[in-house]
>>> print(open('coords_2.cif').read())   # mmCIF, C-alpha atoms
data_my_file
loop_
_atom_site.label_atom_id
_atom_site.label_comp_id
_atom_site.auth_asym_id
_atom_site.auth_seq_id
_atom_site.Cartn_x
_atom_site.Cartn_y
_atom_site.Cartn_z
CA MET A 1448 -38.55 -13.26 -8.51
CA TYR A 1449 -35.22 -15.02 -8.03
CA LEU A 1450 -33.42 -16.45 -11.07
CA ARG A 1451 -30.22 -18.52 -11.12
CA PRO A 1452 -29.10 -19.29 -14.68
CA LYS A 1453 -26.81 -22.23 -15.31
CA THR A 1454 -25.18 -20.92 -18.50
CA LEU A 1455 -24.16 -17.56 -19.92
CA ASN A 1456 -26.61 -17.98 -22.81
CA GLU A 1457 -29.43 -18.49 -20.34
CA ALA A 1458 -28.30 -15.45 -18.34
CA VAL A 1459 -28.26 -13.00 -21.26
CA VAL A 1460 -31.76 -14.09 -22.24
CA GLN A 1461 -33.02 -13.46 -18.72
CA LEU A 1462 -31.34 -10.04 -18.72
CA LYS A 1463 -33.99 -8.84 -21.18
CA MET A 1464 -36.45 -8.80 -18.27
CA PRO A 1465 -37.29 -5.14 -17.38
CA GLY A 1466 -35.76 -3.90 -14.15
CA ILE A 1467 -33.79 -7.07 -13.44
CA LYS A 1468 -30.93 -6.80 -10.94
CA VAL A 1469 -27.69 -8.77 -11.23
CA LEU A 1470 -26.28 -10.46 -8.13
CA SER A 1471 -22.80 -12.02 -8.04
CA GLY A 1472 -20.72 -11.84 -4.84
CA GLY A 1473 -23.35 -9.73 -3.09
CA THR A 1474 -20.82 -7.69 -1.09
CA ASP A 1475 -22.22 -4.41 -2.46
CA PHE A 1476 -25.71 -5.57 -3.44
CA TYR A 1477 -27.01 -6.37 0.05
CA PRO A 1478 -25.47 -3.44 1.98
CA ALA A 1479 -26.90 -1.03 -0.61
CA LEU A 1480 -30.42 -2.28 0.14
CA GLY A 1481 -30.39 -1.15 3.76
CA ASP A 1482 -33.85 -1.88 5.16
CA ARG A 1483 -35.49 -2.01 1.74
CA ILE A 1484 -37.08 -5.14 0.29
CA VAL A 1485 -36.18 -6.14 -3.27
CA HIS A 1486 -39.25 -5.92 -5.48
CA GLU A 1487 -37.44 -6.24 -8.82
CA PRO A 1488 -36.44 -9.62 -10.26
CA VAL A 1489 -32.95 -10.72 -9.16
CA MET A 1490 -30.62 -12.82 -11.30
CA ASP A 1491 -27.94 -14.63 -9.31
CA ILE A 1492 -25.01 -15.37 -11.65
CA SER A 1493 -22.72 -16.89 -9.01
CA GLY A 1494 -23.22 -20.36 -10.54
CA LEU A 1495 -21.75 -19.42 -13.93
CA GLY A 1496 -18.43 -21.22 -13.57
CA GLU A 1497 -17.44 -20.26 -17.11
CA LEU A 1498 -17.06 -16.65 -15.90
CA ARG A 1499 -14.58 -17.46 -13.14
CA GLY A 1500 -10.84 -17.90 -13.37
CA ILE A 1501 -7.75 -16.42 -15.01
CA SER A 1502 -6.30 -17.78 -18.24
CA LYS A 1503 -3.32 -16.96 -20.42
CA HIS A 1504 -3.72 -16.45 -24.17
CA ALA A 1505 -1.36 -15.52 -27.00
CA ASN A 1506 -1.71 -11.75 -26.58
CA TYR A 1507 -3.85 -11.33 -23.46
CA PHE A 1508 -4.59 -12.51 -19.96
CA ARG A 1509 -8.30 -13.10 -19.41
CA ILE A 1510 -9.79 -12.48 -15.96
CA GLY A 1511 -13.32 -13.88 -15.78
CA GLY A 1512 -15.89 -11.48 -14.38
CA LEU A 1513 -16.76 -13.77 -11.46
CA THR A 1514 -13.12 -14.18 -10.45
CA THR A 1515 -12.84 -13.21 -6.80
CA TRP A 1516 -10.15 -11.00 -5.31
CA THR A 1517 -8.82 -14.01 -3.44
CA ASP A 1518 -8.45 -15.76 -6.81
CA VAL A 1519 -6.42 -12.79 -8.07
CA ILE A 1520 -4.17 -12.82 -4.99
CA HIS A 1521 -3.28 -16.50 -5.40
CA ALA A 1522 -3.05 -16.65 -9.21
CA PRO A 1523 0.44 -17.20 -10.74
CA LEU A 1524 0.73 -13.96 -12.70
CA PRO A 1525 3.70 -11.96 -14.06
CA ARG A 1526 5.08 -9.00 -12.12
CA CYS A 1527 3.06 -6.42 -14.05
CA PHE A 1528 0.09 -7.70 -12.00
CA ASP A 1529 1.77 -7.02 -8.64
CA ALA A 1530 -0.15 -3.75 -8.27
CA LEU A 1531 -3.45 -5.53 -8.91
CA LYS A 1532 -2.58 -8.20 -6.35
CA SER A 1533 -1.75 -5.49 -3.80
CA ALA A 1534 -5.05 -3.77 -4.51
CA ALA A 1535 -6.88 -7.09 -4.15
CA ARG A 1536 -5.55 -7.36 -0.58
CA GLU A 1537 -7.09 -3.94 0.15
CA VAL A 1538 -10.63 -4.87 -0.95
CA GLY A 1539 -12.32 -5.00 2.45
CA SER A 1540 -11.72 -7.96 4.74
CA VAL A 1541 -10.58 -11.45 3.76
CA GLN A 1542 -14.25 -12.51 3.82
CA ILE A 1543 -15.09 -9.78 1.28
CA GLN A 1544 -12.12 -10.80 -0.87
CA ASN A 1545 -13.42 -14.38 -0.85
CA ARG A 1546 -16.85 -13.32 -2.16
CA GLY A 1547 -16.35 -10.02 -3.99
CA THR A 1548 -15.79 -10.26 -7.74
CA VAL A 1549 -13.70 -8.28 -10.20
CA ALA A 1550 -16.78 -7.51 -12.32
CA GLY A 1551 -18.75 -6.36 -9.30
CA ASN A 1552 -16.01 -3.94 -8.27
CA LEU A 1553 -15.85 -2.45 -11.76
CA CYS A 1554 -19.60 -2.28 -12.38
CA ASN A 1555 -20.17 -0.69 -8.99
CA ALA A 1556 -17.99 2.14 -10.35
CA SER A 1557 -17.14 3.76 -7.05
CA PRO A 1558 -14.49 6.52 -7.35
CA ALA A 1559 -12.71 4.63 -4.55
CA ALA A 1560 -12.87 1.17 -6.18
CA ASP A 1561 -9.50 -0.42 -5.39
CA GLY A 1562 -9.41 -2.53 -8.55
CA VAL A 1563 -9.68 0.33 -11.04
CA PRO A 1564 -6.27 2.12 -10.94
CA PRO A 1565 -4.17 -1.07 -11.28
CA LEU A 1566 -6.33 -2.26 -14.17
CA LEU A 1567 -6.14 1.16 -15.82
CA VAL A 1568 -2.34 1.04 -15.88
CA LEU A 1569 -2.58 -2.42 -17.46
CA ASP A 1570 -4.67 -0.98 -20.34
CA ALA A 1571 -7.45 -3.42 -19.45
CA GLU A 1572 -10.45 -3.97 -21.71
CA MET A 1573 -13.95 -4.92 -20.57
CA GLU A 1574 -15.84 -7.75 -22.29
CA LEU A 1575 -19.61 -7.26 -22.23
CA ALA A 1576 -22.10 -9.88 -23.38
CA SER A 1577 -25.79 -9.68 -24.23
CA SER A 1578 -28.25 -11.59 -26.40
CA ARG A 1579 -27.00 -9.37 -29.26
CA GLY A 1580 -23.44 -10.68 -28.91
CA ALA A 1581 -20.23 -9.56 -27.22
CA ARG A 1582 -18.23 -6.36 -27.36
CA ARG A 1583 -15.07 -4.96 -25.79
CA ILE A 1584 -14.48 -1.49 -24.43
CA PRO A 1585 -11.36 -0.04 -22.73
CA LEU A 1586 -11.71 0.37 -18.98
CA ALA A 1587 -10.71 4.01 -19.49
CA ASP A 1588 -13.99 4.47 -21.40
CA PHE A 1589 -16.13 1.99 -19.44
CA ILE A 1590 -16.51 3.99 -16.22
CA VAL A 1591 -17.95 7.40 -17.06
CA GLY A 1592 -18.82 8.81 -13.62
CA ASN A 1593 -19.61 8.11 -10.00
CA ARG A 1594 -21.55 4.79 -10.11
CA LYS A 1595 -21.98 5.17 -13.88
CA THR A 1596 -20.67 2.84 -16.59
CA GLN A 1597 -21.17 2.08 -20.27
CA ARG A 1598 -22.80 -1.26 -19.45
CA HIS A 1599 -26.27 -1.55 -20.93
CA PRO A 1600 -29.07 -2.97 -18.75
CA ASP A 1601 -29.14 -6.19 -20.80
CA GLU A 1602 -25.36 -6.77 -20.62
CA LEU A 1603 -23.07 -8.69 -18.28
CA LEU A 1604 -19.43 -7.84 -17.72
CA THR A 1605 -18.11 -11.30 -18.51
CA ALA A 1606 -14.34 -10.76 -18.52
CA VAL A 1607 -11.44 -8.36 -18.23
CA TRP A 1608 -8.76 -8.68 -20.91
CA VAL A 1609 -5.23 -7.46 -20.15
CA PRO A 1610 -2.78 -7.16 -23.06
CA ARG A 1611 0.61 -8.80 -22.54
CA THR A 1612 2.54 -5.78 -23.85
CA LEU A 1613 4.06 -4.88 -20.44
CA GLU A 1614 4.27 -8.39 -19.02
CA ASN A 1615 7.83 -7.98 -17.70
CA ALA A 1616 7.28 -4.51 -16.22
CA SER A 1617 7.36 -3.86 -12.49
CA SER A 1618 4.20 -2.56 -10.82
CA THR A 1619 3.24 -1.07 -7.47
CA PHE A 1620 0.04 0.03 -5.72
CA SER A 1621 -0.35 2.28 -2.70
CA LYS A 1622 -3.46 3.33 -0.80
CA LEU A 1623 -3.91 6.12 1.74
CA GLY A 1624 -6.71 5.99 4.30
CA ALA A 1625 -7.60 7.29 7.74
CA ARG A 1626 -6.56 3.95 9.26
CA ARG A 1627 -4.52 0.93 8.19
CA TYR A 1628 -7.20 -1.66 7.40
CA LEU A 1629 -10.81 -1.84 6.12
CA VAL A 1630 -10.80 1.73 4.87
CA ILE A 1631 -12.21 3.71 1.95
CA SER A 1632 -9.25 5.43 0.37
CA ILE A 1633 -8.40 9.13 0.49
CA SER A 1634 -6.12 8.56 -2.49
CA MET A 1635 -4.57 5.57 -4.23
CA VAL A 1636 -1.89 5.25 -6.87
CA ALA A 1637 -0.97 2.45 -9.26
CA VAL A 1638 2.16 2.40 -11.42
CA VAL A 1639 3.51 0.07 -14.09
CA LEU A 1640 7.09 0.75 -15.16
CA LEU A 1641 9.11 -0.92 -17.91
CA VAL A 1642 12.83 -0.25 -17.60
CA GLU A 1643 15.35 -1.25 -20.25
CA ALA A 1644 19.10 -0.69 -19.78
CA GLY A 1645 18.44 1.65 -16.86
CA THR A 1646 16.04 3.85 -18.83
CA VAL A 1647 12.26 4.11 -18.68
CA ALA A 1648 10.84 2.51 -21.83
CA ALA A 1649 7.18 2.80 -20.78
CA ALA A 1650 5.30 4.20 -17.79
CA ARG A 1651 1.68 3.98 -16.69
CA VAL A 1652 0.41 6.00 -13.71
CA ALA A 1653 -3.17 6.15 -12.39
CA VAL A 1654 -4.73 7.87 -9.39
CA GLY A 1655 -8.05 6.92 -7.78
CA SER A 1656 -10.32 8.55 -5.17
CA CYS A 1657 -9.34 12.02 -6.42
CA SER A 1658 -11.90 12.40 -9.20
CA ALA A 1659 -15.32 10.97 -10.03
CA VAL A 1660 -13.39 8.45 -12.17
CA ALA A 1661 -9.85 7.15 -11.58
CA ARG A 1662 -7.50 8.88 -14.01
CA ARG A 1663 -4.30 8.10 -15.87
CA LEU A 1664 -1.64 10.81 -15.58
CA THR A 1665 -0.64 10.80 -19.22
CA ALA A 1666 1.57 13.90 -18.91
CA VAL A 1667 3.70 12.14 -16.28
CA GLU A 1668 3.85 9.02 -18.43
CA ARG A 1669 5.12 10.95 -21.45
CA ASP A 1670 7.72 12.91 -19.47
CA LEU A 1671 9.17 9.80 -17.83
CA VAL A 1672 9.92 7.90 -21.05
CA GLY A 1673 13.64 8.03 -21.78
CA THR A 1674 14.52 9.03 -18.22
CA SER A 1675 17.32 7.26 -16.36
CA VAL A 1676 16.00 5.54 -13.25
CA ARG A 1677 19.30 6.37 -11.52
CA GLU A 1678 18.39 10.06 -11.60
CA GLY A 1679 15.27 9.51 -9.49
CA LEU A 1680 11.84 9.43 -11.10
CA GLY A 1681 9.74 10.82 -8.27
CA ARG A 1682 11.43 14.20 -8.23
CA ARG A 1683 10.40 14.74 -11.85
CA VAL A 1684 6.71 14.77 -10.90
CA THR A 1685 5.24 18.23 -10.27
CA ALA A 1686 1.86 19.48 -9.12
CA ASP A 1687 1.06 20.43 -12.73
CA HIS A 1688 1.24 16.77 -13.68
CA LEU A 1689 -1.79 16.15 -11.43
CA SER A 1690 -3.89 18.99 -12.86
CA ALA A 1691 -6.37 16.53 -14.42
CA LEU A 1692 -7.49 15.41 -10.96
CA THR A 1693 -10.64 16.94 -9.45
CA PRO A 1694 -10.63 15.97 -5.76
CA ILE A 1695 -13.51 16.91 -3.47
CA ASP A 1696 -13.95 17.81 0.20
CA ASP A 1697 -15.69 15.07 2.17
CA VAL A 1698 -15.66 13.43 5.60
CA ARG A 1699 -12.37 11.64 4.83
CA ALA A 1700 -10.25 14.56 3.60
CA THR A 1701 -10.24 17.96 1.98
CA ALA A 1702 -9.61 18.42 -1.72
CA GLU A 1703 -6.36 20.24 -0.94
CA TYR A 1704 -5.13 17.40 1.25
CA ARG A 1705 -6.02 14.84 -1.41
CA ARG A 1706 -4.11 16.73 -4.06
CA ASP A 1707 -1.01 17.21 -1.89
CA ALA A 1708 -1.08 13.61 -0.67
CA SER A 1709 -1.48 12.29 -4.21
CA LEU A 1710 1.59 14.19 -5.39
CA ILE A 1711 3.68 12.67 -2.60
CA MET A 1712 2.26 9.21 -3.25
CA VAL A 1713 2.93 9.32 -7.00
CA ARG A 1714 6.54 10.30 -6.30
CA ARG A 1715 7.02 7.54 -3.74
CA VAL A 1716 5.33 4.83 -5.78
CA LEU A 1717 7.38 5.70 -8.86
CA ASP A 1718 10.60 5.49 -6.87
CA ALA A 1719 9.57 2.18 -5.32
CA CYS A 1720 8.63 0.80 -8.71
CA ALA A 1721 11.97 1.95 -10.19
CA GLU A 1722 13.88 0.20 -7.39
CA ALA A 1723 12.02 -3.04 -8.14
CA ALA A 1724 12.54 -2.80 -11.90
#
>>> encode(input="coords_2.cif", output="structure tokens")
Amino acid sequence: MYLRPKTLNEAVVQLKMPGIKVLSGGTDFYPALGDRIVHEPVMDISGLGELRGISKHANYFRIGGLTTWTDVIHAPLPRCFDALKSAAREVGSVQIQNRGTVAGNLCNASPAADGVPPLLVLDAEMELASSRGARRIPLADFIVGNRKTQRHPDELLTAVWVPRTLENASSTFSKLGARRYLVISISMVAVVLLVEAGTVAAARVAVGSCSAVARRLTAVERDLVGTSVREGLGRRVTADHLSALTPIDDVRATAEYRRDASLIMVRRVLDACAEAA
């Protein structure tokens, strides 16, 4: 059964159907099928225009769930979103960026999802809607494991809300892979840095692909506040600051390599972000 609701209200009613699958950009949905045939009902939400686009509000920016990565790249956003824009350019090919959605990337919940670290450092909140109403949950709590989220089967991720608290901060994203393009990351780092009078007023650092869930390095963030950017931020980061990471050995890299590479990347990204501040 193929369903294509025209409104969000219609969609959340249809989501009550047992076993229903949600289809948006389809860039993960179809490859995951392989040679299998879909027997469950499929709800195509790509026609819900109300879920696409980026808007500015008094205290938040709202990124609609069906906003594509190409939309993010071309949107006029403040510099704190530079890391997210950089990550958007790393989401597969241009064709994937044109079709893939922000909500799809987050709900897929891959440890290597490019969109997660830059949204984590922006303190993003997820908006979930069902026939029962809407709720918000921090991204830090939304993804709970490899391919696991707090989204209930009858909910849609309708929007991502980003508070405007660090709007004037600089931000940077870096990704390490076995080749330059079209690669699943070995490690990736996102940083948001607010500098006032040459001193770090706020810092946000997140690392992806080195744990089942991308993680904020809160110990680094605390230790950087009050530090002069002229003294060099990267050198203040030690291996102990990355102790919360739990990298694994796989075909792309060993756990030891991931940990060592992540330390170097955090240092470099912090220094780059400080130079741009």
>>> atom_distance(input="coords_2.cif", atom1="atom CA of A:Ser1709", atom2="atom CA of A:Leu1553")
21.9 Å
>>> residues_around(input="coords_2.cif", residues="stretch 1647-1662 of chain A", least_positions_apart="5", cutoff="7 Å", atoms="all atoms listed in the file", output="ChimeraX atom specification")
/A:1558-1559,1563-1564,1567-1568,1590-1593,1632-1642,1668,1671-1676,1692-1694,1705
>>> closest_residue(input="coords_2.cif", among="A:Ser1577, A:Thr1665, A:Asn1615, A:Thr1701", to="A:His1688", atoms="all atoms listed in the file")
A:Thr1665
>>> resolve_selection(input="coords_2.cif", expression="the PyMOL selection byres ((chain A and resi 1603) around 7)", output="number ranges by chain")
A: 1575-1577, 1602, 1604-1605
>>> residues_around(input="coords_2.cif", residues="A:Asp1601", least_positions_apart="5", cutoff="7 Å", atoms="only C-alpha atoms", output="PyMOL selection string")
chain A and resi 1459+1462-1463+1577
>>> resolve_selection(input="coords_2.cif", expression="the PyMOL selection byres ((chain A and resi 1534-1546) around 6)", output="PyMOL selection string")
chain A and resi 1472+1516-1517+1531-1533+1547+1561+1629
>>> resolve_selection(input="coords_2.cif", expression="the PyMOL selection byres ((chain A and resi 1527) around 7)", output="number ranges by chain")
A: 1525-1526, 1528-1529, 1613-1618, 1639
>>> residues_around(input="coords_2.cif", residues="A:Ala1686", least_positions_apart="2", cutoff="12 Å", atoms="all atoms listed in the file", output="VMD selection string")
chain A and resid 1664 1666 to 1667 1681 to 1684 1688 to 1692 1703 1705 to 1714
>>> closest_residue(input="coords_2.cif", among="A:Thr1612, A:Asp1696, A:Thr1646, A:Thr1685", to="A:Ala1721", atoms="only C-alpha atoms")
A:Thr1646
>>> atom_distance(input="coords_2.cif", atom1="atom CA of A:Leu1524", atom2="atom CA of A:Ile1501")
9.1 Å
